[in-house]
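Working notes for the structure below.
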Amino acid sequence: MPLFKPMTDDEVAFMESFKIGEMTLQAGTPLLSEGSNSPQLFTALSGFGMRYKLLASGKRQVLSFVLPGDFIGLQAGVMNQQTHSVEAVTNMTLCVFNRTELWTLFRNHAERAFDLTWIAAGEERFLGEALAAVGQKSAYERIAWAFARSFRRLEALKMRDGITVPFPFRQQHLADALGLSLVHTNKTLARLRDRQLVSWADGRLSVPDIGELEEVGLIDESAVAPRPLM
């Protein structure tokens with residue numbers, strides 16, 4: 001896909017040796033738990049998940065949604081411990097890597113190591129943008145921002161069908177990601193629907209005019225940058 005940067009033959013050969021297999025998860029299955037030290041790293045090949053953090057109060061902060069092509073487990077791979085959890089929201093297929101080979105990547109494959117650094121920097125950038133949205137945008141703008149960003153990414157993954165993309169999350173997931181109550185989320189979704197900006201039902205998100213939705217979400221840069229695939 002054009003979304004992902006091409007690899008050289010040597011890089012492909014290394015990734016084939018780095019990969020130890022594939023695994024499937026059923027919806028609702030935890031992949032990584034906060035405080036764990038997983039011996040494996042993953043790339044999502046299909047399906048959807050979410051990264052989240054549980055507070056002592058029992059409240060949950062969704063950090064990000066996991067989409068196909070995302071790399072999972074880097075934090076534990078570098079810091080030896082997860083500070084958040086990852087769970088499958090739908091059935092998922094994952095590419096599995098041996099974490100002990102991570103250092104071989106840095107020692108012998110500088111371009112792949114840079115790709116991994118790019119992924120980490122990209123996640124940091126996204127979390128900064130998400131924090132700005134949660135802290136400074138209205139609920140109406142936040143949800144428009146989240147839908148527009150997700151729509152563009154899924155479009156780049158060739159998952160767009162007309163004006164619709166898959167979005168198999170629940171309203172509670174969206175509320176937990178954007179720091180909103182479920183009631184406030186529901187009312188704000190109704191406003192967006194009444195203005196015919198979005199329609200979200202049965203795991204599908206429809207956006208008649210993505211440009212207009214991006215304006216509401218105060219998004220300056222709509223293009224999805226090409227990214228490495230691990």
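So you can find residues: chains in the structure tokens are A, B, ... in the order shown, residues in each start at 1, and ligands are numbered from 1 in order.
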
Enumerate the residues of region 31-175 of chain A with a DSSP assignment of strand (DSSP E or B), computed from the backbone, and present them as JSON, numbers by chain. {"A": [31, 32, 40, 41, 42, 43, 44, 45, 46, 49, 50, 51, 52, 53, 54, 60, 61, 62, 63, 64, 65, 66, 71, 72, 85, 86, 87, 88, 92, 93, 94, 95, 96, 97, 98, 161, 164, 165, 166]}

Any chance you could tabulate, as JSON lines, the residues of region 50-109 of chain A at most 12 Å from region 23-41 of chain A with each one's nearest atom pair and distance in Å to one decimal, using only C-alpha atoms, in chain and rising number order?
```
{"residue": "A:Met50", "atom": "CA", "partner": "A:Pro30", "partner_atom": "CA", "distance": 9.8}
{"residue": "A:Arg51", "atom": "CA", "partner": "A:Leu32", "partner_atom": "CA", "distance": 9.1}
{"residue": "A:Tyr52", "atom": "CA", "partner": "A:Glu34", "partner_atom": "CA", "distance": 9.0}
{"residue": "A:Lys53", "atom": "CA", "partner": "A:Glu34", "partner_atom": "CA", "distance": 7.5}
{"residue": "A:Leu54", "atom": "CA", "partner": "A:Glu34", "partner_atom": "CA", "distance": 8.5}
{"residue": "A:Leu55", "atom": "CA", "partner": "A:Glu34", "partner_atom": "CA", "distance": 10.9}
{"residue": "A:Val66", "atom": "CA", "partner": "A:Leu31", "partner_atom": "CA", "distance": 11.6}
{"residue": "A:Asp70", "atom": "CA", "partner": "A:Leu41", "partner_atom": "CA", "distance": 11.1}
{"residue": "A:Phe71", "atom": "CA", "partner": "A:Leu41", "partner_atom": "CA", "distance": 7.7}
{"residue": "A:Ile72", "atom": "CA", "partner": "A:Leu41", "partner_atom": "CA", "distance": 6.1}
{"residue": "A:Gly73", "atom": "CA", "partner": "A:Leu41", "partner_atom": "CA", "distance": 5.1}
{"residue": "A:Leu74", "atom": "CA", "partner": "A:Leu41", "partner_atom": "CA", "distance": 6.8}
{"residue": "A:Gln75", "atom": "CA", "partner": "A:Asn37", "partner_atom": "CA", "distance": 9.6}
{"residue": "A:Ala76", "atom": "CA", "partner": "A:Asn37", "partner_atom": "CA", "distance": 5.9}
{"residue": "A:Gly77", "atom": "CA", "partner": "A:Leu41", "partner_atom": "CA", "distance": 7.2}
{"residue": "A:Val78", "atom": "CA", "partner": "A:Asn37", "partner_atom": "CA", "distance": 10.2}
{"residue": "A:Met79", "atom": "CA", "partner": "A:Asn37", "partner_atom": "CA", "distance": 8.9}
{"residue": "A:Asn80", "atom": "CA", "partner": "A:Asn37", "partner_atom": "CA", "distance": 5.6}
{"residue": "A:Gln81", "atom": "CA", "partner": "A:Asn37", "partner_atom": "CA", "distance": 4.8}
{"residue": "A:Gln82", "atom": "CA", "partner": "A:Glu34", "partner_atom": "CA", "distance": 5.0}
{"residue": "A:Thr83", "atom": "CA", "partner": "A:Glu34", "partner_atom": "CA", "distance": 4.9}
{"residue": "A:His84", "atom": "CA", "partner": "A:Glu34", "partner_atom": "CA", "distance": 4.5}
{"residue": "A:Ser85", "atom": "CA", "partner": "A:Ser33", "partner_atom": "CA", "distance": 4.3}
{"residue": "A:Val86", "atom": "CA", "partner": "A:Leu32", "partner_atom": "CA", "distance": 5.0}
{"residue": "A:Glu87", "atom": "CA", "partner": "A:Pro30", "partner_atom": "CA", "distance": 4.3}
{"residue": "A:Ala88", "atom": "CA", "partner": "A:Ala27", "partner_atom": "CA", "distance": 5.2}
{"residue": "A:Val89", "atom": "CA", "partner": "A:Ala27", "partner_atom": "CA", "distance": 5.0}
{"residue": "A:Thr90", "atom": "CA", "partner": "A:Ala27", "partner_atom": "CA", "distance": 4.2}
{"residue": "A:Asn91", "atom": "CA", "partner": "A:Gln26", "partner_atom": "CA", "distance": 4.5}
{"residue": "A:Met92", "atom": "CA", "partner": "A:Leu25", "partner_atom": "CA", "distance": 5.1}
{"residue": "A:Thr93", "atom": "CA", "partner": "A:Thr24", "partner_atom": "CA", "distance": 4.4}
{"residue": "A:Leu94", "atom": "CA", "partner": "A:Met23", "partner_atom": "CA", "distance": 5.3}
{"residue": "A:Cys95", "atom": "CA", "partner": "A:Met23", "partner_atom": "CA", "distance": 6.7}
{"residue": "A:Val96", "atom": "CA", "partner": "A:Leu41", "partner_atom": "CA", "distance": 5.9}
{"residue": "A:Phe97", "atom": "CA", "partner": "A:Leu41", "partner_atom": "CA", "distance": 5.0}
{"residue": "A:Asn98", "atom": "CA", "partner": "A:Gln40", "partner_atom": "CA", "distance": 5.0}
{"residue": "A:Arg99", "atom": "CA", "partner": "A:Gln40", "partner_atom": "CA", "distance": 4.9}
{"residue": "A:Thr100", "atom": "CA", "partner": "A:Pro39", "partner_atom": "CA", "distance": 7.4}
{"residue": "A:Glu101", "atom": "CA", "partner": "A:Gln40", "partner_atom": "CA", "distance": 9.8}
{"residue": "A:Leu102", "atom": "CA", "partner": "A:Leu41", "partner_atom": "CA", "distance": 9.0}
```

Atoms kept (N, CA and C atoms) for selection, written as a tab-separated table (two decimals), in the first residue's frame:
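After the write, out_13.tsv holds the following:
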```tsv
chain	number	residue	atom	x	y	z
A	50	MET	N	-7.23	-1.56	21.12
A	50	MET	CA	-7.07	-0.27	21.79
A	50	MET	C	-6.00	-0.38	22.87
A	51	ARG	N	-5.30	0.73	23.05
A	51	ARG	CA	-4.36	0.89	24.15
A	51	ARG	C	-5.06	1.69	25.23
A	52	TYR	N	-4.93	1.26	26.48
A	52	TYR	CA	-5.62	1.99	27.55
A	52	TYR	C	-4.86	1.85	28.87
A	53	LYS	N	-5.20	2.75	29.78
A	53	LYS	CA	-4.60	2.74	31.11
A	53	LYS	C	-5.73	2.78	32.14
A	54	LEU	N	-5.66	1.89	33.12
A	54	LEU	CA	-6.65	1.87	34.20
A	54	LEU	C	-6.11	2.64	35.40
A	55	LEU	N	-6.95	3.50	35.97
A	55	LEU	CA	-6.58	4.24	37.16
A	55	LEU	C	-7.02	3.49	38.41
A	66	VAL	N	-5.88	0.85	18.04
A	66	VAL	CA	-4.91	0.08	17.26
A	66	VAL	C	-5.55	-0.30	15.93
A	70	ASP	N	-0.19	-1.12	12.74
A	70	ASP	CA	0.40	-0.55	13.95
A	70	ASP	C	1.34	-1.54	14.61
A	71	PHE	N	2.43	-1.01	15.18
A	71	PHE	CA	3.41	-1.81	15.92
A	71	PHE	C	3.04	-1.76	17.41
A	72	ILE	N	3.12	-2.90	18.07
A	72	ILE	CA	2.64	-3.02	19.46
A	72	ILE	C	3.72	-3.63	20.33
A	73	GLY	N	3.94	-3.04	21.50
A	73	GLY	CA	4.84	-3.63	22.49
A	73	GLY	C	6.20	-3.00	22.57
A	74	LEU	N	6.44	-1.92	21.84
A	74	LEU	CA	7.76	-1.30	21.84
A	74	LEU	C	8.15	-0.81	23.24
A	75	GLN	N	7.17	-0.30	23.98
A	75	GLN	CA	7.47	0.22	25.32
A	75	GLN	C	8.09	-0.86	26.20
A	76	ALA	N	7.48	-2.03	26.23
A	76	ALA	CA	8.03	-3.12	27.04
A	76	ALA	C	9.35	-3.61	26.45
A	77	GLY	N	9.47	-3.54	25.12
A	77	GLY	CA	10.70	-3.98	24.47
A	77	GLY	C	11.90	-3.14	24.86
A	78	VAL	N	11.67	-1.85	25.12
A	78	VAL	CA	12.76	-0.94	25.45
A	78	VAL	C	12.90	-0.74	26.95
A	79	MET	N	11.76	-0.63	27.64
A	79	MET	CA	11.77	-0.30	29.08
A	79	MET	C	11.53	-1.51	29.98
A	80	ASN	N	11.33	-2.67	29.35
A	80	ASN	CA	11.13	-3.93	30.08
A	80	ASN	C	9.84	-3.99	30.88
A	81	GLN	N	8.93	-3.04	30.66
A	81	GLN	CA	7.65	-3.09	31.36
A	81	GLN	C	6.62	-2.24	30.63
A	82	GLN	N	5.43	-2.78	30.53
A	82	GLN	CA	4.33	-2.04	29.94
A	82	GLN	C	3.73	-1.09	30.98
A	83	THR	N	3.46	0.15	30.60
A	83	THR	CA	2.75	1.06	31.49
A	83	THR	C	1.31	1.28	31.03
A	84	HIS	N	0.88	0.50	30.04
A	84	HIS	CA	-0.52	0.52	29.63
A	84	HIS	C	-0.87	-0.87	29.11
A	85	SER	N	-2.15	-1.11	28.90
A	85	SER	CA	-2.63	-2.40	28.42
A	85	SER	C	-3.09	-2.28	26.97
A	86	VAL	N	-3.12	-3.43	26.29
A	86	VAL	CA	-3.60	-3.49	24.91
A	86	VAL	C	-4.60	-4.64	24.82
A	87	GLU	N	-5.73	-4.37	24.19
A	87	GLU	CA	-6.80	-5.36	24.11
A	87	GLU	C	-7.38	-5.39	22.70
A	88	ALA	N	-7.77	-6.57	22.25
A	88	ALA	CA	-8.42	-6.70	20.95
A	88	ALA	C	-9.88	-6.26	21.07
A	89	VAL	N	-10.30	-5.37	20.19
A	89	VAL	CA	-11.70	-4.93	20.17
A	89	VAL	C	-12.50	-5.81	19.20
A	90	THR	N	-11.86	-6.23	18.12
A	90	THR	CA	-12.43	-7.21	17.19
A	90	THR	C	-11.48	-8.40	17.14
A	91	ASN	N	-11.83	-9.42	16.40
A	91	ASN	CA	-10.87	-10.48	16.13
A	91	ASN	C	-9.67	-9.86	15.42
A	92	MET	N	-8.47	-10.28	15.79
A	92	MET	CA	-7.25	-9.69	15.24
A	92	MET	C	-6.29	-10.78	14.78
A	93	THR	N	-5.51	-10.46	13.78
A	93	THR	CA	-4.36	-11.29	13.38
A	93	THR	C	-3.11	-10.45	13.57
A	94	LEU	N	-2.11	-11.03	14.23
A	94	LEU	CA	-0.89	-10.30	14.57
A	94	LEU	C	0.34	-11.01	14.04
A	95	CYS	N	1.29	-10.24	13.55
A	95	CYS	CA	2.61	-10.74	13.23
A	95	CYS	C	3.43	-10.69	14.52
A	96	VAL	N	4.12	-11.77	14.85
A	96	VAL	CA	4.82	-11.88	16.13
A	96	VAL	C	6.33	-11.86	15.91
A	97	PHE	N	7.03	-11.03	16.71
A	97	PHE	CA	8.48	-10.93	16.66
A	97	PHE	C	9.08	-11.31	18.00
A	98	ASN	N	10.30	-11.83	17.95
A	98	ASN	CA	11.04	-12.16	19.17
A	98	ASN	C	11.71	-10.89	19.68
A	99	ARG	N	11.37	-10.47	20.88
A	99	ARG	CA	11.89	-9.21	21.41
A	99	ARG	C	13.40	-9.23	21.58
A	100	THR	N	13.99	-10.39	21.81
A	100	THR	CA	15.44	-10.46	22.03
A	100	THR	C	16.22	-10.06	20.78
A	101	GLU	N	15.56	-10.12	19.61
A	101	GLU	CA	16.22	-9.73	18.37
A	101	GLU	C	16.14	-8.23	18.11
A	102	LEU	N	15.50	-7.50	19.02
A	102	LEU	CA	15.36	-6.05	18.83
A	102	LEU	C	16.72	-5.37	18.76
```

So that I can check the surroundings of Trp118 (chain A), please list as a PDB file with C-alpha atoms, in the first residue's frame every protein, DNA and RNA residue that reaches within 12 Å of it, counting only C-alpha atoms and ignoring chain neighbours fewer than 2 positions away.
```pdb
ATOM      1  CA  LYS A   5       7.327   2.904   2.885  1.00  0.00           C
ATOM      2  CA  PHE A  71       3.412  -1.813  15.924  1.00  0.00           C
ATOM      3  CA  GLU A 111      17.489   1.984   8.423  1.00  0.00           C
ATOM      4  CA  ARG A 112      15.082  -0.406  10.135  1.00  0.00           C
ATOM      5  CA  ALA A 113      16.167   1.018  13.511  1.00  0.00           C
ATOM      6  CA  PHE A 114      15.391   4.495  12.208  1.00  0.00           C
ATOM      7  CA  ASP A 115      11.979   3.224  11.080  1.00  0.00           C
ATOM      8  CA  LEU A 116      11.314   2.011  14.602  1.00  0.00           C
ATOM      9  CA  ALA A 120       7.884   5.949  18.332  1.00  0.00           C
ATOM     10  CA  ALA A 121       8.100   9.615  17.321  1.00  0.00           C
ATOM     11  CA  GLY A 122       4.853   9.290  15.374  1.00  0.00           C
ATOM     12  CA  GLU A 123       3.075   7.900  18.441  1.00  0.00           C
ATOM     13  CA  GLU A 124       4.452  10.743  20.558  1.00  0.00           C
ATOM     14  CA  ARG A 125       3.197  13.269  18.008  1.00  0.00           C
ATOM     15  CA  ALA A 225       2.231  10.708   6.052  1.00  0.00           C
ATOM     16  CA  PRO A 226       3.796   7.532   4.601  1.00  0.00           C
ATOM     17  CA  ARG A 227       4.966   5.351   7.474  1.00  0.00           C
ATOM     18  CA  PRO A 228       7.238   2.340   7.996  1.00  0.00           C
ATOM     19  CA  LEU A 229       5.744  -1.118   8.386  1.00  0.00           C
ATOM     20  CA  MET A 230       7.490  -3.379  10.876  1.00  0.00           C
TER      21      MET A 230
END
```

As a PyMOL selection string, please: all residues of chain A that backbone DSSP puts in alpha helix (DSSP H). chain A and resi 9-18+74-79+102-108+110-136+139-156+171-178+182-194+210-216

Hey, can you spit out that residue selection with C-alpha atoms as a short mmCIF file (atom, residue, chain, number, x, y, z; two decimals), in the first residue's frame?
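See part14.cif below for the written result:
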```cif
data_model
loop_
_atom_site.label_atom_id
_atom_site.label_comp_id
_atom_site.auth_asym_id
_atom_site.auth_seq_id
_atom_site.Cartn_x
_atom_site.Cartn_y
_atom_site.Cartn_z
CA ASP A 9 15.42 -6.94 -0.25
CA ASP A 10 17.88 -7.07 2.68
CA GLU A 11 15.34 -5.45 4.98
CA VAL A 12 12.65 -7.91 3.92
CA ALA A 13 15.04 -10.82 4.54
CA PHE A 14 15.83 -9.51 8.03
CA MET A 15 12.15 -9.02 8.84
CA GLU A 16 11.45 -12.59 7.78
CA SER A 17 14.11 -13.80 10.20
CA PHE A 18 12.87 -11.40 12.90
CA LEU A 74 7.76 -1.30 21.84
CA GLN A 75 7.47 0.22 25.32
CA ALA A 76 8.03 -3.12 27.04
CA GLY A 77 10.70 -3.98 24.47
CA VAL A 78 12.76 -0.94 25.45
CA MET A 79 11.77 -0.30 29.08
CA LEU A 102 15.36 -6.05 18.83
CA TRP A 103 18.97 -5.19 19.63
CA THR A 104 20.15 -7.01 16.48
CA LEU A 105 17.96 -4.63 14.54
CA PHE A 106 19.68 -1.62 16.11
CA ARG A 107 23.18 -3.10 15.72
CA ASN A 108 22.97 -4.32 12.15
CA ALA A 110 20.32 1.14 10.81
CA GLU A 111 17.49 1.98 8.42
CA ARG A 112 15.08 -0.41 10.13
CA ALA A 113 16.17 1.02 13.51
CA PHE A 114 15.39 4.49 12.21
CA ASP A 115 11.98 3.22 11.08
CA LEU A 116 11.31 2.01 14.60
CA THR A 117 12.36 5.40 15.96
CA TRP A 118 10.02 7.06 13.45
CA ILE A 119 7.14 4.93 14.73
CA ALA A 120 7.88 5.95 18.33
CA ALA A 121 8.10 9.61 17.32
CA GLY A 122 4.85 9.29 15.37
CA GLU A 123 3.08 7.90 18.44
CA GLU A 124 4.45 10.74 20.56
CA ARG A 125 3.20 13.27 18.01
CA PHE A 126 -0.25 11.68 17.95
CA LEU A 127 -0.50 11.65 21.75
CA GLY A 128 0.47 15.34 21.81
CA GLU A 129 -2.27 16.13 19.31
CA ALA A 130 -4.76 14.04 21.29
CA LEU A 131 -3.84 15.80 24.54
CA ALA A 132 -4.33 19.18 22.87
CA ALA A 133 -7.74 18.03 21.61
CA VAL A 134 -8.83 16.76 25.04
CA GLY A 135 -7.50 19.82 26.86
CA GLN A 136 -8.43 22.65 24.52
CA ALA A 139 -16.64 18.00 22.89
CA TYR A 140 -18.06 18.74 19.43
CA GLU A 141 -14.59 19.56 18.07
CA ARG A 142 -12.97 16.58 19.83
CA ILE A 143 -15.28 14.01 18.33
CA ALA A 144 -15.02 15.60 14.88
CA TRP A 145 -11.21 15.49 15.24
CA ALA A 146 -11.22 11.82 16.29
CA PHE A 147 -13.54 10.75 13.47
CA ALA A 148 -11.66 12.74 10.83
CA ARG A 149 -8.26 11.39 11.89
CA SER A 150 -9.58 7.81 11.96
CA PHE A 151 -11.33 8.19 8.61
CA ARG A 152 -8.19 9.46 6.88
CA ARG A 153 -6.06 6.65 8.30
CA LEU A 154 -8.55 3.94 7.33
CA GLU A 155 -8.88 5.51 3.90
CA ALA A 156 -5.09 5.25 3.51
CA GLN A 171 -19.42 4.91 22.33
CA GLN A 172 -17.83 4.14 25.70
CA HIS A 173 -14.46 3.59 23.99
CA LEU A 174 -14.76 6.97 22.27
CA ALA A 175 -15.82 8.65 25.51
CA ASP A 176 -12.88 7.12 27.38
CA ALA A 177 -10.48 8.27 24.66
CA LEU A 178 -11.72 11.88 24.64
CA LEU A 182 -21.09 8.63 27.86
CA VAL A 183 -24.12 10.92 28.04
CA HIS A 184 -22.16 13.91 26.70
CA THR A 185 -20.70 11.74 23.94
CA ASN A 186 -24.14 10.53 22.92
CA LYS A 187 -25.58 14.05 22.78
CA THR A 188 -22.60 15.36 20.80
CA LEU A 189 -22.86 12.50 18.31
CA ALA A 190 -26.51 13.41 17.81
CA ARG A 191 -25.49 17.01 16.96
CA LEU A 192 -22.94 15.79 14.41
CA ARG A 193 -25.51 13.44 12.93
CA ASP A 194 -28.19 16.16 12.76
CA ILE A 210 -14.37 14.78 5.15
CA GLY A 211 -13.10 18.30 4.46
CA GLU A 212 -15.99 19.86 6.36
CA LEU A 213 -15.50 17.45 9.25
CA GLU A 214 -11.81 18.36 9.42
CA GLU A 215 -12.75 22.04 9.61
CA VAL A 216 -15.04 21.33 12.56
#
```

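Using only C-alpha atoms, the smallest distance between any of A:Leu180, A:Val224, A:Val165, A:Met7 and Ala201 (chain A) comes from A:Val165.
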
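Picture a line from CA of Pro166 (chain A) to CA of Gly69 (chain A); it runs 15.1 Å.
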
Distance criterion (only C-alpha atoms): nearest to Phe65 (chain A) out of A:Gly162, A:Gly217, A:Pro208, A:Pro168: A:Pro168
